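*Asks:* The structure under discussion is supplied below as structure tokens; questions concerning it will follow.
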Amino acid sequence: MKKAALLWMDLEMTGLDSVKDRILEVAVIATDWSLNELATYEGIVKVNPNLLEKRFKLSLFWSGRAKQSKQMIEQNNQATKNTKQIEAELLAFVDANFKLKEPIYLAGNSIHCDRQFIKHEWPKLDRKLHYRMLDVSAWKIIFENKIHAKFVKPDVHRALSDIEGSIDELKFYLQKIKF
């Protein structure tokens, strides 16, 4: 029985420009409204190695993370699936875990950035997603500035650990609210 309500996603990219940069890694977790994990998917996209190195050199984010960028380059060298193959696998994941007529809400931290990459690289997936998104970053702004509750997420910058951290972060904020 399909009962997922939220499609948590995190992408690792060559940079933050959704036109010039490319998706390298994706992780998704399907949860219910209680944030219970129902299913997980991870995918590695093969990116042109010349583009990868060029964009990493231009990226302030990756230039400051030599160990992580080296790991991503090695991962890319071993990857075998292109972006369309990964999109097909994501579509199959969505079809297997979400009801056909129900809205599929994308969730994560700063998810608007990931959504721009989805629109550019995975238009079929984008068409399945609802226009409303659950962005944990908005919660972060309110809770850190209004009630001084700060959640510290590990600085790993790998798709699956980042999305698990986003779910934990929302759980942290929800514990501060009386229902």
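If you're wondering about the labels, chains in the structure tokens are A, B, ... by order shown, residues count from 1 in each chain, ligands from 1 in order shown.
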Just want the 9 Å neighbourhood of region 73-84 of chain A, counted on only C-alpha atoms, with same-chain residues fewer than 2 positions away dropped. Output as a ChimeraX atom specification.
*Replies:* /A:22-24,43-49,52-53,68-71,86-89,121-122
*Asks:* Let me see the file: selected residues, N, CA and C atoms, as a PDB file, in the first residue's frame.
*Replies:*
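Written out: out_17.pdb:
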ATOM      1  N   ARG A  22      25.889  20.463 -12.935  1.00  0.00           N
ATOM      2  CA  ARG A  22      25.185  19.195 -13.104  1.00  0.00           C
ATOM      3  C   ARG A  22      25.020  18.495 -11.766  1.00  0.00           C
ATOM      4  N   ILE A  23      23.982  17.689 -11.700  1.00  0.00           N
ATOM      5  CA  ILE A  23      23.734  16.851 -10.538  1.00  0.00           C
ATOM      6  C   ILE A  23      24.744  15.710 -10.552  1.00  0.00           C
ATOM      7  N   LEU A  24      25.367  15.479  -9.400  1.00  0.00           N
ATOM      8  CA  LEU A  24      26.321  14.375  -9.236  1.00  0.00           C
ATOM      9  C   LEU A  24      25.716  13.214  -8.455  1.00  0.00           C
ATOM     10  N   GLY A  43      21.221   7.585  -5.919  1.00  0.00           N
ATOM     11  CA  GLY A  43      21.705   7.469  -7.288  1.00  0.00           C
ATOM     12  C   GLY A  43      22.929   8.341  -7.520  1.00  0.00           C
ATOM     13  N   ILE A  44      23.826   7.831  -8.350  1.00  0.00           N
ATOM     14  CA  ILE A  44      25.043   8.548  -8.717  1.00  0.00           C
ATOM     15  C   ILE A  44      24.973   8.810 -10.219  1.00  0.00           C
ATOM     16  N   VAL A  45      25.122  10.071 -10.596  1.00  0.00           N
ATOM     17  CA  VAL A  45      25.043  10.464 -12.005  1.00  0.00           C
ATOM     18  C   VAL A  45      26.455  10.593 -12.567  1.00  0.00           C
ATOM     19  N   LYS A  46      26.679  10.018 -13.730  1.00  0.00           N
ATOM     20  CA  LYS A  46      27.961  10.163 -14.427  1.00  0.00           C
ATOM     21  C   LYS A  46      27.957  11.516 -15.139  1.00  0.00           C
ATOM     22  N   VAL A  47      28.934  12.339 -14.791  1.00  0.00           N
ATOM     23  CA  VAL A  47      29.076  13.666 -15.371  1.00  0.00           C
ATOM     24  C   VAL A  47      30.375  13.689 -16.170  1.00  0.00           C
ATOM     25  N   ASN A  48      30.392  14.435 -17.256  1.00  0.00           N
ATOM     26  CA  ASN A  48      31.606  14.580 -18.048  1.00  0.00           C
ATOM     27  C   ASN A  48      32.751  15.015 -17.122  1.00  0.00           C
ATOM     28  N   PRO A  49      33.832  14.222 -17.059  1.00  0.00           N
ATOM     29  CA  PRO A  49      34.930  14.540 -16.129  1.00  0.00           C
ATOM     30  C   PRO A  49      35.556  15.922 -16.348  1.00  0.00           C
ATOM     31  N   LEU A  52      33.205  18.393 -14.776  1.00  0.00           N
ATOM     32  CA  LEU A  52      33.297  18.256 -13.322  1.00  0.00           C
ATOM     33  C   LEU A  52      34.505  19.007 -12.768  1.00  0.00           C
ATOM     34  N   GLU A  53      35.654  18.768 -13.311  1.00  0.00           N
ATOM     35  CA  GLU A  53      36.866  19.436 -12.809  1.00  0.00           C
ATOM     36  C   GLU A  53      36.812  20.943 -13.044  1.00  0.00           C
ATOM     37  N   GLN A  68      36.402  16.183   0.172  1.00  0.00           N
ATOM     38  CA  GLN A  68      35.088  15.849  -0.373  1.00  0.00           C
ATOM     39  C   GLN A  68      35.077  15.916  -1.897  1.00  0.00           C
ATOM     40  N   SER A  69      35.736  16.917  -2.466  1.00  0.00           N
ATOM     41  CA  SER A  69      35.748  17.026  -3.927  1.00  0.00           C
ATOM     42  C   SER A  69      36.511  15.863  -4.546  1.00  0.00           C
ATOM     43  N   LYS A  70      37.583  15.415  -3.887  1.00  0.00           N
ATOM     44  CA  LYS A  70      38.325  14.256  -4.378  1.00  0.00           C
ATOM     45  C   LYS A  70      37.446  13.009  -4.347  1.00  0.00           C
ATOM     46  N   GLN A  71      36.680  12.837  -3.280  1.00  0.00           N
ATOM     47  CA  GLN A  71      35.759  11.697  -3.185  1.00  0.00           C
ATOM     48  C   GLN A  71      34.703  11.746  -4.290  1.00  0.00           C
ATOM     49  N   ILE A  86      18.956   7.936 -14.151  1.00  0.00           N
ATOM     50  CA  ILE A  86      18.641   8.242 -12.752  1.00  0.00           C
ATOM     51  C   ILE A  86      17.224   8.797 -12.642  1.00  0.00           C
ATOM     52  N   GLU A  87      16.828   9.652 -13.578  1.00  0.00           N
ATOM     53  CA  GLU A  87      15.456  10.177 -13.555  1.00  0.00           C
ATOM     54  C   GLU A  87      14.455   9.033 -13.670  1.00  0.00           C
ATOM     55  N   ALA A  88      14.698   8.078 -14.541  1.00  0.00           N
ATOM     56  CA  ALA A  88      13.794   6.935 -14.708  1.00  0.00           C
ATOM     57  C   ALA A  88      13.679   6.143 -13.402  1.00  0.00           C
ATOM     58  N   GLU A  89      14.794   5.964 -12.713  1.00  0.00           N
ATOM     59  CA  GLU A  89      14.770   5.260 -11.428  1.00  0.00           C
ATOM     60  C   GLU A  89      14.007   6.056 -10.371  1.00  0.00           C
ATOM     61  N   GLU A 121      17.180  19.240 -15.258  1.00  0.00           N
ATOM     62  CA  GLU A 121      17.698  17.926 -15.648  1.00  0.00           C
ATOM     63  C   GLU A 121      16.658  16.810 -15.654  1.00  0.00           C
ATOM     64  N   TRP A 122      15.615  16.925 -14.827  1.00  0.00           N
ATOM     65  CA  TRP A 122      14.627  15.862 -14.711  1.00  0.00           C
ATOM     66  C   TRP A 122      13.207  16.415 -14.872  1.00  0.00           C
TER      67      TRP A 122
END
*Asks:* Tell me, as a ChimeraX atom specification, which residues lie within 9 Å of Leu35 (chain A), counting only C-alpha atoms; anything in the same chain fewer than 4 positions away does not count.
*Replies:* /A:5-6,30-31,167-168,170-171
*Asks:* A:Cys113, A:Asp162, A:Leu134, A:Val94: which is nearest Val19 (chain A), counting only C-alpha atoms?
*Replies:*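 Looking at the shortest contact to Val19 (chain A), the residue is A:Cys113.
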*Asks:* What lies within 12 Å of Asp114 (chain A) using only C-alpha atoms, ignoring chain neighbours under 2 positions off, as an mmCIF file with N, CA and C atoms, in the first residue's frame?
*Replies:*
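The resulting file, out-v4.cif, is shown below:
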data_model
loop_
_atom_site.group_PDB
_atom_site.id
_atom_site.type_symbol
_atom_site.label_atom_id
_atom_site.label_comp_id
_atom_site.auth_asym_id
_atom_site.auth_seq_id
_atom_site.Cartn_x
_atom_site.Cartn_y
_atom_site.Cartn_z
ATOM 1 N N TRP A 8 11.512 13.505 0.497
ATOM 2 C CA TRP A 8 12.694 14.227 0.966
ATOM 3 C C TRP A 8 13.803 14.015 -0.040
ATOM 4 N N MET A 9 14.462 15.091 -0.444
ATOM 5 C CA MET A 9 15.515 14.968 -1.451
ATOM 6 C C MET A 9 16.684 15.873 -1.117
ATOM 7 N N ASP A 10 17.860 15.359 -1.448
ATOM 8 C CA ASP A 10 19.056 16.184 -1.407
ATOM 9 C C ASP A 10 19.891 15.843 -2.630
ATOM 10 N N LEU A 11 20.459 16.866 -3.224
ATOM 11 C CA LEU A 11 21.336 16.716 -4.375
ATOM 12 C C LEU A 11 22.716 17.246 -4.035
ATOM 13 N N GLU A 12 23.718 16.598 -4.592
ATOM 14 C CA GLU A 12 25.066 17.162 -4.605
ATOM 15 C C GLU A 12 25.340 17.496 -6.065
ATOM 16 N N MET A 13 25.810 18.702 -6.318
ATOM 17 C CA MET A 13 26.005 19.174 -7.674
ATOM 18 C C MET A 13 27.431 19.681 -7.858
ATOM 19 N N GLY A 15 28.122 22.574 -8.686
ATOM 20 C CA GLY A 15 28.051 23.968 -8.251
ATOM 21 C C GLY A 15 26.591 24.331 -8.077
ATOM 22 N N LEU A 16 26.282 25.602 -7.997
ATOM 23 C CA LEU A 16 24.914 26.034 -7.726
ATOM 24 C C LEU A 16 24.185 26.652 -8.918
ATOM 25 N N ASP A 17 24.789 26.661 -10.079
ATOM 26 C CA ASP A 17 24.158 27.207 -11.289
ATOM 27 C C ASP A 17 23.429 26.073 -11.998
ATOM 28 N N SER A 18 22.095 26.098 -11.967
ATOM 29 C CA SER A 18 21.312 24.977 -12.504
ATOM 30 C C SER A 18 21.414 24.828 -14.020
ATOM 31 N N ASP A 21 25.910 23.918 -14.125
ATOM 32 C CA ASP A 21 26.347 22.818 -13.272
ATOM 33 C C ASP A 21 25.468 21.594 -13.488
ATOM 34 N N ARG A 22 25.889 20.463 -12.935
ATOM 35 C CA ARG A 22 25.185 19.195 -13.104
ATOM 36 C C ARG A 22 25.020 18.495 -11.766
ATOM 37 N N ILE A 23 23.982 17.689 -11.700
ATOM 38 C CA ILE A 23 23.734 16.851 -10.538
ATOM 39 C C ILE A 23 24.744 15.710 -10.552
ATOM 40 N N LEU A 24 25.367 15.479 -9.400
ATOM 41 C CA LEU A 24 26.321 14.375 -9.236
ATOM 42 C C LEU A 24 25.716 13.214 -8.455
ATOM 43 N N GLU A 25 24.904 13.548 -7.464
ATOM 44 C CA GLU A 25 24.425 12.540 -6.529
ATOM 45 C C GLU A 25 23.036 12.947 -6.054
ATOM 46 N N VAL A 26 22.161 11.968 -5.867
ATOM 47 C CA VAL A 26 20.820 12.224 -5.344
ATOM 48 C C VAL A 26 20.494 11.173 -4.299
ATOM 49 N N ALA A 27 19.802 11.602 -3.265
ATOM 50 C CA ALA A 27 19.222 10.689 -2.294
ATOM 51 C C ALA A 27 17.811 11.166 -2.011
ATOM 52 N N VAL A 28 16.904 10.207 -1.917
ATOM 53 C CA VAL A 28 15.525 10.525 -1.552
ATOM 54 C C VAL A 28 15.075 9.558 -0.472
ATOM 55 N N LEU A 106 7.787 17.906 -2.285
ATOM 56 C CA LEU A 106 9.231 17.817 -2.162
ATOM 57 C C LEU A 106 9.635 18.461 -0.842
ATOM 58 N N ALA A 107 10.540 17.814 -0.103
ATOM 59 C CA ALA A 107 10.958 18.329 1.197
ATOM 60 C C ALA A 107 12.474 18.269 1.306
ATOM 61 N N GLY A 108 13.024 19.195 2.098
ATOM 62 C CA GLY A 108 14.465 19.217 2.318
ATOM 63 C C GLY A 108 14.912 20.584 2.795
ATOM 64 N N ASN A 109 16.216 20.780 2.864
ATOM 65 C CA ASN A 109 16.801 22.059 3.247
ATOM 66 C C ASN A 109 17.154 22.848 1.987
ATOM 67 N N SER A 110 16.743 24.115 1.940
ATOM 68 C CA SER A 110 16.961 24.968 0.757
ATOM 69 C C SER A 110 16.546 24.226 -0.523
ATOM 70 N N ILE A 111 15.405 23.591 -0.454
ATOM 71 C CA ILE A 111 14.939 22.700 -1.518
ATOM 72 C C ILE A 111 14.637 23.453 -2.816
ATOM 73 N N HIS A 112 14.463 24.768 -2.727
ATOM 74 C CA HIS A 112 14.228 25.553 -3.946
ATOM 75 C C HIS A 112 15.413 25.442 -4.913
ATOM 76 N N GLN A 116 15.373 23.734 -8.832
ATOM 77 C CA GLN A 116 15.853 24.318 -10.086
ATOM 78 C C GLN A 116 16.624 23.287 -10.905
ATOM 79 N N PHE A 117 17.432 22.476 -10.240
ATOM 80 C CA PHE A 117 18.153 21.411 -10.940
ATOM 81 C C PHE A 117 17.198 20.339 -11.442
ATOM 82 N N ILE A 118 16.190 20.018 -10.656
ATOM 83 C CA ILE A 118 15.190 19.038 -11.080
ATOM 84 C C ILE A 118 14.493 19.528 -12.337
ATOM 85 N N LYS A 119 14.074 20.788 -12.343
ATOM 86 C CA LYS A 119 13.403 21.358 -13.526
ATOM 87 C C LYS A 119 14.286 21.271 -14.756
ATOM 88 N N HIS A 120 15.561 21.517 -14.577
ATOM 89 C CA HIS A 120 16.490 21.554 -15.710
ATOM 90 C C HIS A 120 16.868 20.154 -16.191
ATOM 91 N N GLU A 121 17.180 19.240 -15.258
ATOM 92 C CA GLU A 121 17.698 17.926 -15.648
ATOM 93 C C GLU A 121 16.658 16.810 -15.654
ATOM 94 N N TRP A 122 15.615 16.925 -14.827
ATOM 95 C CA TRP A 122 14.627 15.862 -14.711
ATOM 96 C C TRP A 122 13.207 16.415 -14.872
ATOM 97 N N ASP A 126 9.885 16.570 -12.355
ATOM 98 C CA ASP A 126 9.376 17.878 -11.947
ATOM 99 C C ASP A 126 7.865 17.971 -12.152
ATOM 100 N N MET A 133 6.317 23.158 -1.523
ATOM 101 C CA MET A 133 7.431 22.363 -1.011
ATOM 102 C C MET A 133 7.579 22.617 0.487
ATOM 103 N N ASP A 135 10.226 23.318 3.031
ATOM 104 C CA ASP A 135 11.621 23.733 3.142
ATOM 105 C C ASP A 135 11.982 23.909 4.611
ATOM 106 N N ALA A 159 24.585 13.294 -0.121
ATOM 107 C CA ALA A 159 23.139 13.415 -0.289
ATOM 108 C C ALA A 159 22.342 12.673 0.789
ATOM 109 N N ILE A 163 20.076 14.486 3.785
ATOM 110 C CA ILE A 163 18.615 14.414 3.845
ATOM 111 C C ILE A 163 18.165 13.798 5.168
#
*Asks:* Quick one: DSSP helix (DSSP H, G or I) residues in region 8-152 of chain A, as a CSV table (one decimal) with C-alpha atoms, in the first residue's frame?
*Replies:*
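Result went into out_3.csv, see below:
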chain,number,residue,atom,x,y,z
A,49,PRO,CA,34.9,14.5,-16.1
A,50,ASN,CA,36.2,17.7,-17.9
A,51,LEU,CA,33.0,19.6,-16.9
A,52,LEU,CA,33.3,18.3,-13.3
A,53,GLU,CA,36.9,19.4,-12.8
A,54,LYS,CA,36.2,22.8,-14.5
A,55,ARG,CA,33.1,23.5,-12.4
A,56,PHE,CA,34.8,22.3,-9.1
A,57,LYS,CA,37.7,24.8,-9.8
A,58,LEU,CA,35.2,27.6,-10.2
A,60,LEU,CA,33.8,28.4,-3.9
A,61,PHE,CA,32.0,25.6,-2.1
A,62,TRP,CA,34.1,22.7,-3.6
A,63,SER,CA,37.4,24.6,-3.6
A,66,ALA,CA,39.5,19.2,-1.0
A,67,LYS,CA,38.8,15.8,0.6
A,68,GLN,CA,35.1,15.8,-0.4
A,69,SER,CA,35.7,17.0,-3.9
A,70,LYS,CA,38.3,14.3,-4.4
A,71,GLN,CA,35.8,11.7,-3.2
A,72,MET,CA,33.2,13.1,-5.6
A,73,ILE,CA,35.6,12.9,-8.5
A,74,GLU,CA,36.5,9.3,-7.7
A,75,GLN,CA,32.8,8.5,-7.4
A,76,ASN,CA,32.1,10.1,-10.7
A,77,ASN,CA,34.9,8.0,-12.3
A,78,GLN,CA,33.1,4.8,-11.2
A,83,THR,CA,21.0,11.7,-15.7
A,84,LYS,CA,18.1,10.2,-17.7
A,85,GLN,CA,18.7,6.8,-16.3
A,86,ILE,CA,18.6,8.2,-12.8
A,87,GLU,CA,15.5,10.2,-13.6
A,88,ALA,CA,13.8,6.9,-14.7
A,89,GLU,CA,14.8,5.3,-11.4
A,90,LEU,CA,13.4,8.2,-9.4
A,91,LEU,CA,10.1,8.1,-11.4
A,92,ALA,CA,9.8,4.3,-10.6
A,93,PHE,CA,10.5,5.1,-6.9
A,94,VAL,CA,7.8,7.8,-6.9
A,95,ASP,CA,5.3,5.5,-8.6
A,96,ALA,CA,6.1,2.7,-6.1
A,97,ASN,CA,5.7,4.8,-3.0
A,111,ILE,CA,14.9,22.7,-1.5
A,112,HIS,CA,14.2,25.6,-3.9
A,113,CYS,CA,17.8,25.2,-5.2
A,114,ASP,CA,17.4,21.5,-5.8
A,115,ARG,CA,14.1,22.1,-7.5
A,116,GLN,CA,15.9,24.3,-10.1
A,117,PHE,CA,18.2,21.4,-10.9
A,118,ILE,CA,15.2,19.0,-11.1
A,119,LYS,CA,13.4,21.4,-13.5
A,120,HIS,CA,16.5,21.6,-15.7
A,121,GLU,CA,17.7,17.9,-15.6
A,123,PRO,CA,11.5,17.5,-16.3
A,124,LYS,CA,9.4,14.4,-16.0
A,125,LEU,CA,10.0,14.2,-12.3
A,126,ASP,CA,9.4,17.9,-11.9
A,127,ARG,CA,5.9,17.5,-13.5
A,128,LYS,CA,5.0,14.9,-10.9
A,136,VAL,CA,13.2,23.1,6.5
A,137,SER,CA,15.4,26.2,6.0
A,138,ALA,CA,12.3,28.3,6.7
A,139,TRP,CA,11.8,26.6,10.0
A,140,LYS,CA,15.5,27.1,10.8
A,141,ILE,CA,15.2,30.9,10.3
A,142,ILE,CA,12.2,31.2,12.6
A,143,PHE,CA,13.5,28.9,15.4
A,144,GLU,CA,17.0,30.3,15.4
A,145,ASN,CA,15.9,33.9,15.5
A,146,LYS,CA,12.6,33.8,17.4
*Asks:* Can you work out which one of A:Thr14, A:Arg132, A:Asp32, A:Gly64 has the shortest atom-to-atom distance to Phe98 (chain A), counting only C-alpha atoms?
*Replies:* A:Asp32
*Asks:* Give me, as number ranges by chain, the residues of region 73-176 of chain A that a backbone DSSP run labels strand (DSSP E or B).
*Replies:* A: 104-108, 129-135
*Asks:* Can you spit out the residues from that selection as a PDB file, in the first residue's frame, using C-alpha atoms?
*Replies:*
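Final file, part_31.pdb:
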ATOM      1  CA  ILE A 104       3.862  14.771  -4.024  1.00  0.00           C
ATOM      2  CA  TYR A 105       5.490  17.363  -1.828  1.00  0.00           C
ATOM      3  CA  LEU A 106       9.231  17.817  -2.162  1.00  0.00           C
ATOM      4  CA  ALA A 107      10.958  18.329   1.197  1.00  0.00           C
ATOM      5  CA  GLY A 108      14.465  19.217   2.318  1.00  0.00           C
ATOM      6  CA  LEU A 129       5.899  17.189  -7.985  1.00  0.00           C
ATOM      7  CA  HIS A 130       3.456  19.620  -6.381  1.00  0.00           C
ATOM      8  CA  TYR A 131       4.344  23.306  -6.609  1.00  0.00           C
ATOM      9  CA  ARG A 132       4.308  23.553  -2.803  1.00  0.00           C
ATOM     10  CA  MET A 133       7.431  22.363  -1.011  1.00  0.00           C
ATOM     11  CA  LEU A 134       8.423  21.770   2.591  1.00  0.00           C
ATOM     12  CA  ASP A 135      11.621  23.733   3.142  1.00  0.00           C
TER      13      ASP A 135
END
*Asks:* Identify which of the residues A:Glu164, A:Glu102, A:Arg65, A:Pro154 lies closest to Thr40 (chain A), counting only C-alpha atoms when measuring atom-to-atom distances.
*Replies:* A:Glu164
